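Data from entry.cif: mmCIF, C-alpha atoms
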```cif
data_query
loop_
_atom_site.label_atom_id
_atom_site.label_comp_id
_atom_site.auth_asym_id
_atom_site.auth_seq_id
_atom_site.Cartn_x
_atom_site.Cartn_y
_atom_site.Cartn_z
CA MET A 422 -117.51 -117.25 -208.42
CA LEU A 423 -114.51 -116.08 -206.40
CA ASP A 424 -113.75 -119.63 -205.22
CA GLY A 425 -113.10 -120.82 -208.77
CA THR A 426 -111.05 -117.90 -210.07
CA SER A 427 -107.70 -119.23 -211.26
CA ARG A 428 -106.11 -115.75 -211.15
CA MET A 429 -106.56 -115.81 -207.36
CA ASN A 430 -105.18 -119.31 -206.92
CA LEU A 431 -101.79 -118.69 -205.32
CA ALA A 432 -101.62 -121.21 -202.50
CA THR A 433 -102.61 -124.68 -203.77
CA PHE A 434 -101.32 -127.39 -206.04
CA CYS A 435 -103.98 -126.56 -208.64
CA THR A 436 -103.02 -124.85 -211.88
CA THR A 437 -102.99 -121.07 -211.69
CA TRP A 438 -103.96 -118.79 -214.58
CA VAL A 439 -101.89 -119.18 -217.73
CA GLY A 440 -101.96 -117.48 -221.09
CA PRO A 441 -103.82 -118.89 -224.11
CA ALA A 442 -100.61 -120.18 -225.72
CA VAL A 443 -99.70 -122.17 -222.60
CA ALA A 444 -103.22 -123.57 -222.32
CA GLN A 445 -103.08 -124.63 -225.97
CA LEU A 446 -99.72 -126.34 -225.43
CA MET A 447 -101.05 -128.18 -222.38
CA ALA A 448 -104.12 -129.35 -224.29
CA ALA A 449 -101.93 -130.63 -227.14
CA SER A 450 -99.81 -132.60 -224.66
CA LEU A 451 -102.58 -134.35 -222.74
CA ASP A 452 -102.12 -137.62 -224.66
CA LYS A 453 -98.32 -137.64 -224.39
CA ASN A 454 -96.54 -139.91 -221.93
CA ILE A 455 -93.41 -137.91 -221.26
CA VAL A 456 -92.12 -140.56 -218.88
CA ASP A 457 -91.70 -143.13 -221.66
CA LYS A 458 -88.51 -141.95 -223.36
CA ASP A 459 -88.53 -144.92 -225.75
CA GLU A 460 -91.95 -143.98 -227.14
CA TYR A 461 -91.24 -140.24 -227.18
CA PRO A 462 -87.46 -139.85 -227.59
CA HIS A 463 -87.71 -136.13 -228.31
CA THR A 464 -88.94 -135.56 -224.75
CA ALA A 465 -85.53 -136.69 -223.51
CA GLU A 466 -83.90 -133.99 -225.64
CA LEU A 467 -86.36 -131.37 -224.38
CA GLU A 468 -85.68 -132.48 -220.82
CA ALA A 469 -81.91 -132.22 -221.34
CA ARG A 470 -82.26 -128.70 -222.76
CA CYS A 471 -84.42 -127.60 -219.82
CA VAL A 472 -81.83 -129.00 -217.42
CA GLN A 473 -79.09 -127.08 -219.21
CA MET A 474 -81.09 -123.84 -219.10
CA LEU A 475 -81.75 -124.23 -215.37
CA ALA A 476 -78.11 -125.11 -214.74
CA ASP A 477 -77.03 -121.99 -216.62
CA LEU A 478 -79.61 -119.93 -214.74
CA TRP A 479 -78.18 -121.12 -211.43
CA CYS A 480 -74.58 -120.53 -212.57
CA ALA A 481 -73.53 -124.17 -212.66
CA PRO A 482 -69.82 -124.65 -213.47
CA SER A 483 -70.67 -126.54 -216.68
CA ALA A 484 -74.27 -126.23 -217.79
CA GLU A 485 -73.69 -128.43 -220.85
CA ARG A 486 -72.73 -131.40 -218.67
CA ALA A 487 -75.38 -130.86 -215.98
CA VAL A 488 -77.46 -133.87 -214.98
CA GLY A 489 -81.13 -133.58 -214.06
CA THR A 490 -84.56 -135.08 -214.47
CA SER A 491 -88.18 -134.06 -214.85
CA THR A 492 -90.62 -134.58 -211.99
CA THR A 493 -94.37 -134.81 -211.56
CA GLY A 494 -94.77 -131.80 -209.29
CA SER A 495 -93.20 -129.02 -207.29
CA SER A 496 -92.85 -131.15 -204.14
CA GLU A 497 -90.85 -133.77 -206.00
CA ALA A 498 -88.67 -131.08 -207.55
CA ALA A 499 -87.95 -129.56 -204.14
CA MET A 500 -87.13 -132.97 -202.68
CA LEU A 501 -84.83 -133.89 -205.56
CA GLY A 502 -83.14 -130.52 -205.21
CA GLY A 503 -82.53 -131.25 -201.54
CA LEU A 504 -81.07 -134.65 -202.37
CA ALA A 505 -78.77 -133.09 -204.97
CA ALA A 506 -77.60 -130.50 -202.45
CA ARG A 507 -76.93 -133.24 -199.92
CA SER A 508 -74.90 -135.23 -202.47
CA ARG A 509 -72.71 -132.22 -203.29
CA TRP A 510 -72.21 -131.49 -199.60
CA ARG A 511 -71.30 -135.11 -198.93
CA SER A 512 -68.76 -135.13 -201.75
CA ARG A 513 -67.07 -131.98 -200.44
CA ARG A 514 -66.99 -133.33 -196.88
CA ARG A 515 -65.50 -136.64 -197.94
CA ALA A 516 -62.91 -134.92 -200.11
CA ALA A 517 -61.87 -132.90 -197.06
CA GLY A 518 -61.71 -136.05 -194.90
CA LEU A 519 -64.64 -134.96 -192.72
CA ASP A 520 -67.73 -136.80 -191.48
CA ALA A 521 -70.49 -136.85 -194.12
CA GLY A 522 -73.18 -138.75 -192.26
CA LYS A 523 -75.12 -135.93 -190.62
CA PRO A 524 -76.21 -133.22 -193.08
CA ASN A 525 -78.00 -130.13 -191.82
CA LEU A 526 -80.33 -128.75 -194.48
CA VAL A 527 -81.77 -125.27 -193.97
CA CYS A 528 -84.77 -124.74 -196.28
CA GLY A 529 -86.50 -121.60 -197.40
CA PRO A 530 -90.24 -121.07 -197.99
CA VAL A 531 -91.31 -124.62 -198.84
CA GLN A 532 -94.53 -124.36 -196.85
CA VAL A 533 -96.72 -125.98 -199.49
CA CYS A 534 -94.35 -128.95 -199.79
CA TRP A 535 -94.20 -129.75 -196.11
CA GLU A 536 -97.94 -129.17 -195.68
CA GLY A 537 -98.60 -131.70 -198.42
CA ALA A 538 -96.12 -134.13 -196.89
CA LEU A 539 -97.69 -133.66 -193.46
CA GLY A 540 -101.16 -134.33 -194.84
CA GLY A 541 -99.94 -137.48 -196.57
CA ALA A 542 -98.16 -138.69 -193.43
CA LEU A 543 -101.29 -138.13 -191.33
CA ALA A 544 -103.33 -140.14 -193.84
CA TRP A 545 -100.78 -142.98 -193.77
CA ILE A 546 -100.77 -143.00 -189.98
CA GLY A 547 -104.47 -142.48 -189.34
CA GLY A 548 -105.87 -144.91 -191.93
CA PRO A 549 -104.20 -148.16 -190.87
CA SER A 550 -104.46 -147.36 -187.18
CA ARG A 551 -108.19 -146.71 -187.64
CA ALA A 552 -108.50 -150.21 -189.04
CA LEU A 553 -106.64 -151.51 -185.99
CA LEU A 554 -109.24 -149.81 -183.80
CA VAL A 555 -111.99 -151.79 -185.51
CA THR A 556 -109.90 -154.94 -185.03
CA ALA A 557 -109.53 -154.14 -181.33
CA GLU A 558 -113.26 -153.51 -180.93
CA ASP A 559 -113.89 -156.88 -182.58
CA GLY A 560 -111.88 -158.57 -179.82
CA ALA A 561 -108.73 -159.48 -181.75
CA LEU A 562 -106.50 -157.11 -179.75
CA PRO A 563 -106.11 -156.47 -175.99
CA PRO A 564 -108.79 -154.17 -174.53
CA PHE A 565 -106.48 -151.25 -173.81
CA LEU A 566 -106.01 -150.75 -177.56
CA ASP A 567 -109.68 -149.92 -178.15
CA ARG A 568 -109.48 -146.73 -176.08
CA THR A 569 -110.26 -143.47 -177.86
CA ASN A 570 -110.13 -139.81 -176.92
CA ARG A 571 -113.10 -137.46 -176.79
CA TYR A 572 -112.90 -136.93 -180.54
CA GLY A 573 -113.09 -140.66 -181.29
CA ALA A 574 -109.44 -140.93 -182.34
CA GLN A 575 -107.63 -144.19 -181.60
CA ARG A 576 -105.54 -142.82 -178.73
CA ASN A 577 -103.72 -145.86 -177.38
CA ILE A 578 -103.10 -147.38 -180.80
CA LEU A 579 -101.45 -144.15 -181.95
CA LEU A 580 -99.33 -144.06 -178.79
CA VAL A 581 -98.14 -147.64 -179.34
CA GLN A 582 -97.57 -146.94 -183.01
CA GLY A 583 -95.53 -143.85 -182.18
CA ALA A 584 -93.44 -145.77 -179.65
CA VAL A 585 -92.66 -148.56 -182.14
CA VAL A 586 -91.75 -146.13 -184.92
CA THR A 587 -89.57 -144.11 -182.54
CA ALA A 588 -87.74 -147.25 -181.42
CA ILE A 589 -87.08 -148.27 -185.03
CA SER A 590 -86.00 -144.75 -185.97
CA VAL A 591 -83.24 -144.90 -183.35
CA LEU A 592 -81.23 -146.68 -186.05
CA HIS A 593 -80.70 -143.28 -187.68
CA LEU A 594 -78.87 -142.14 -184.55
CA VAL A 595 -76.57 -145.12 -184.12
CA MET A 596 -75.58 -145.64 -187.77
CA ASP A 597 -73.13 -143.40 -189.61
CA ASP A 598 -75.21 -142.83 -192.75
CA VAL A 599 -78.92 -142.08 -193.17
CA SER A 600 -79.18 -144.49 -196.09
CA SER A 601 -77.54 -147.21 -194.00
CA ALA A 602 -80.45 -147.00 -191.56
CA SER A 603 -83.28 -146.24 -193.98
CA PHE A 604 -82.66 -149.13 -196.35
CA PRO A 605 -82.88 -151.93 -193.73
CA ILE A 606 -86.08 -150.34 -192.40
CA SER A 607 -87.50 -150.23 -195.93
CA ALA A 608 -86.47 -153.85 -196.48
CA LEU A 609 -88.21 -154.81 -193.23
CA VAL A 610 -91.42 -153.07 -194.35
CA VAL A 611 -91.27 -154.80 -197.73
CA SER A 612 -90.73 -158.20 -196.10
CA LEU A 613 -93.80 -157.69 -193.90
CA TYR A 614 -95.87 -156.82 -196.97
CA ILE A 615 -94.56 -159.93 -198.70
CA VAL A 616 -95.48 -162.15 -195.74
CA MET A 617 -99.02 -160.78 -195.92
CA TYR A 618 -99.25 -161.63 -199.64
CA MET A 619 -97.88 -165.11 -198.98
CA MET A 620 -100.66 -165.64 -196.45
CA LEU A 621 -103.24 -164.41 -198.98
CA PHE A 622 -102.09 -166.86 -201.66
CA ALA A 623 -101.90 -169.73 -199.15
CA ALA A 624 -105.37 -168.85 -197.80
CA ALA A 625 -106.82 -168.88 -201.34
CA ILE A 626 -105.55 -172.41 -201.90
CA ARG A 627 -106.75 -173.60 -198.50
CA LEU A 628 -110.22 -172.09 -198.91
CA ARG A 629 -110.60 -173.70 -202.32
CA HIS A 630 -110.08 -177.10 -200.65
CA SER A 631 -111.97 -176.46 -197.39
CA GLN A 632 -114.98 -174.69 -198.94
CA PRO A 633 -115.15 -175.72 -202.61
CA ASP A 634 -118.90 -175.07 -202.99
CA LEU A 635 -118.96 -171.59 -201.42
CA PRO A 636 -120.43 -169.02 -203.87
CA ARG A 637 -117.76 -166.49 -204.76
CA ALA A 638 -117.93 -163.17 -206.60
CA TYR A 639 -114.69 -163.94 -208.42
CA ARG A 640 -113.48 -167.38 -209.46
CA ILE A 641 -110.26 -168.45 -211.10
CA ALA A 642 -110.77 -170.53 -214.22
CA GLY A 643 -109.64 -174.13 -214.18
CA GLY A 644 -111.06 -175.13 -210.82
CA THR A 645 -108.63 -176.42 -208.24
CA PRO A 646 -105.72 -176.86 -210.70
CA GLY A 647 -106.25 -173.26 -211.87
CA MET A 648 -106.16 -172.03 -208.28
CA TRP A 649 -102.97 -173.96 -207.61
CA LEU A 650 -101.41 -172.55 -210.76
CA VAL A 651 -102.30 -168.90 -210.10
CA ALA A 652 -101.91 -168.81 -206.33
CA GLY A 653 -98.93 -171.15 -206.42
CA THR A 654 -97.14 -168.96 -208.96
CA GLY A 655 -97.87 -165.91 -206.83
CA LEU A 656 -96.66 -167.71 -203.72
CA LEU A 657 -93.37 -168.66 -205.39
CA ALA A 658 -92.90 -165.13 -206.76
CA VAL A 659 -93.41 -163.36 -203.43
CA GLY A 660 -91.34 -166.05 -201.71
CA PHE A 661 -88.46 -165.25 -204.02
CA ALA A 662 -88.99 -161.54 -203.31
CA LEU A 663 -88.82 -162.30 -199.58
CA VAL A 664 -85.44 -163.96 -200.08
CA LEU A 665 -84.21 -160.89 -201.98
CA ALA A 666 -85.27 -158.67 -199.06
CA PHE A 667 -82.50 -160.30 -197.01
CA VAL A 668 -79.79 -159.58 -199.59
CA PRO A 669 -77.76 -156.47 -198.61
CA PRO A 670 -77.38 -153.90 -201.41
CA ASP A 671 -73.94 -153.38 -202.87
CA GLN A 672 -74.48 -149.71 -203.72
CA LEU A 673 -75.22 -148.54 -200.16
CA PRO A 674 -72.83 -148.41 -197.17
CA ILE A 675 -74.95 -150.58 -194.88
CA GLY A 676 -72.06 -151.66 -192.68
CA SER A 677 -72.12 -155.29 -191.54
CA ALA A 678 -73.97 -157.64 -193.88
CA GLY A 679 -74.68 -159.94 -190.96
CA GLY A 680 -76.19 -157.11 -188.96
CA TYR A 681 -78.38 -156.14 -191.93
CA VAL A 682 -79.70 -159.69 -192.33
CA ALA A 683 -80.22 -160.06 -188.57
CA LEU A 684 -82.16 -156.80 -188.37
CA VAL A 685 -84.51 -157.71 -191.22
CA ALA A 686 -84.93 -161.29 -189.98
CA VAL A 687 -85.61 -160.39 -186.34
CA GLY A 688 -87.98 -157.60 -187.32
CA THR A 689 -89.89 -159.85 -189.71
CA LEU A 690 -90.22 -162.64 -187.14
CA LEU A 691 -91.21 -160.21 -184.38
CA PHE A 692 -93.88 -158.28 -186.27
CA THR A 693 -95.20 -161.43 -187.96
CA GLY A 694 -95.24 -163.53 -184.81
CA LEU A 695 -96.83 -160.92 -182.53
CA PRO A 696 -100.29 -161.07 -184.22
CA LEU A 697 -100.17 -164.88 -184.05
CA VAL A 698 -99.41 -164.76 -180.32
CA LEU A 699 -102.23 -162.28 -179.72
CA ASP A 700 -104.63 -164.49 -181.66
CA ARG A 701 -103.52 -167.52 -179.68
CA TYR A 702 -104.25 -165.92 -176.33
CA ARG A 703 -107.25 -163.77 -177.24
CA ARG A 704 -110.19 -163.80 -174.84
CA PRO A 705 -113.94 -163.47 -175.51
CA GLU A 706 -114.17 -160.56 -173.06
CA TRP A 707 -111.87 -158.51 -175.27
CA ARG A 708 -114.75 -157.86 -177.65
CA VAL A 709 -116.45 -154.49 -177.24
CA PRO A 710 -120.14 -155.07 -176.40
CA SER A 711 -121.36 -152.62 -179.03
CA ALA A 712 -119.44 -154.53 -181.71
CA GLU A 713 -121.34 -157.77 -181.08
CA GLY A 714 -124.45 -156.52 -182.82
CA ALA A 715 -122.58 -154.85 -185.65
#
```
As structure tokens, the full file:
Amino acid sequence: MLDGTSRMNLATFCTTWVGPAVAQLMAASLDKNIVDKDEYPHTAELEARCVQMLADLWCAPSAERAVGTSTTGSSEAAMLGGLAARSRWRSRRRAAGLDAGKPNLVCGPVQVCWEGALGGALAWIGGPSRALLVTAEDGALPPFLDRTNRYGAQRNILLVQGAVVTAISVLHLVMDDVSSASFPISALVVSLYIVMYMMLFAAAIRLRHSQPDLPRAYRIAGGTPGMWLVAGTGLLAVGFALVLAFVPPDQLPIGSAGGYVALVAVGTLLFTGLPLVLDRYRRPEWRVPSAEGA
């Protein structure tokens, strides 16, 4: 009974105890989509009033003209608050003619936020690299990548992953602005995702021709023309998105446009070509013996 007592819930993201009026208000708002301001225009007015109250509470110079937004949780609110503080700091630094590329944020008790972020980051790191371990055990990667520690964690894959991420993150040290480094990295990640989807659409078309009679759990209507229409449309759409990934943004100080395009292009070719090279030179002895009977 103690584990489910909301009055004692002071350290998690779950809802703590609230009064009956608050619970009634929450129940009446379950079917409201507060994000869609076109469908619920009054929510925009409520949001603006809350922003003004908070601005007045924090002694903003002009609470009536304060700008803010609602968020989905306390972590997002803390992160947006940090971004707002950085923007104000940057404006003051630039007005004074000083460097505004290296902010130093000192945070208070945001333990829950960083614990949640750490848990999410560990899931993002551990999940894909665990799949790479299975790929290595299946013989598609060099043998040294299938090594694990005594707890079964993918040791060498994590070390390689950490080295690659560290090398890419060096951009934050050599570029003047954090956004100038983060955006090309994000564009590189997006381009790699797009290449994967292009391969999926191309593979669907090829498999329809190479194995037309193979029983499938899901089939696209229209036979081969239907497959060409659906997969071809997807291929053209993601191809266009890949082209856009090489277009430098106008709203961010990315520096040299040529350097931006070169970084995204070289990174895309490198990380796309490396798996192809490994597959070309793979050896039968790479396969882990225990995986042969799996």
Open item on the list: Please compute the CA of Leu628 (chain A)-CA of Arg701 (chain A) distance, one decimal, in Å.
Closed with: 20.9 Å
Task: Nearby residues (all atoms listed in the file) at most 9 Å from Leu609 (chain A), same-chain spacing under 4 positions excluded, as a list in words - done: Phe604, Pro605, Leu613, Tyr614, Ala666, Phe667, Leu684, Val685, Ala686, Gly688 and Thr689 of chain A
Task: Length of the CA of Gly489 (chain A) to CA of Glu468 (chain A) vector [Å] - done: 8.2 Å
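The spacing separating CA of Gly647 (chain A) from CA of Thr693 (chain A) amounts to 28.9 Å.
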TODO: I need the residue set behind the PyMOL selection byres ((chain A and resi 556) around 12) for this file; please write it as a PyMOL selection string.
DONE: chain A and resi 549-555+557-564+566-567+575+578+696+699-700+707-709+712
- [ ] Could you pull out every residue with an atom within 12 Å of (-95.3, -161.9, -203.5), file coordinates, counting only C-alpha atoms, and send them as a ChimeraX atom specification?
- [x] /A:611-623,651-666
Task: From A:Ser491, A:Asn577, A:Asn525, A:Ser631, residue lying nearest Asp457 (chain A) [only C-alpha atoms] - done: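 Of all the options, A:Ser491 lies closest to Asp457 (chain A).
Ranking A:Ala624, A:Gly547, A:Gly502, A:Asp452 by their shortest atom-to-atom distance to Gln582 (chain A), with only C-alpha atoms included, puts A:Gly547 first.
Candidate residues A:Thr490, A:Ser450, A:Gln445, A:Ser483 were compared for distance to Glu466 (chain A), and the nearest is A:Thr490, using only C-alpha atoms.
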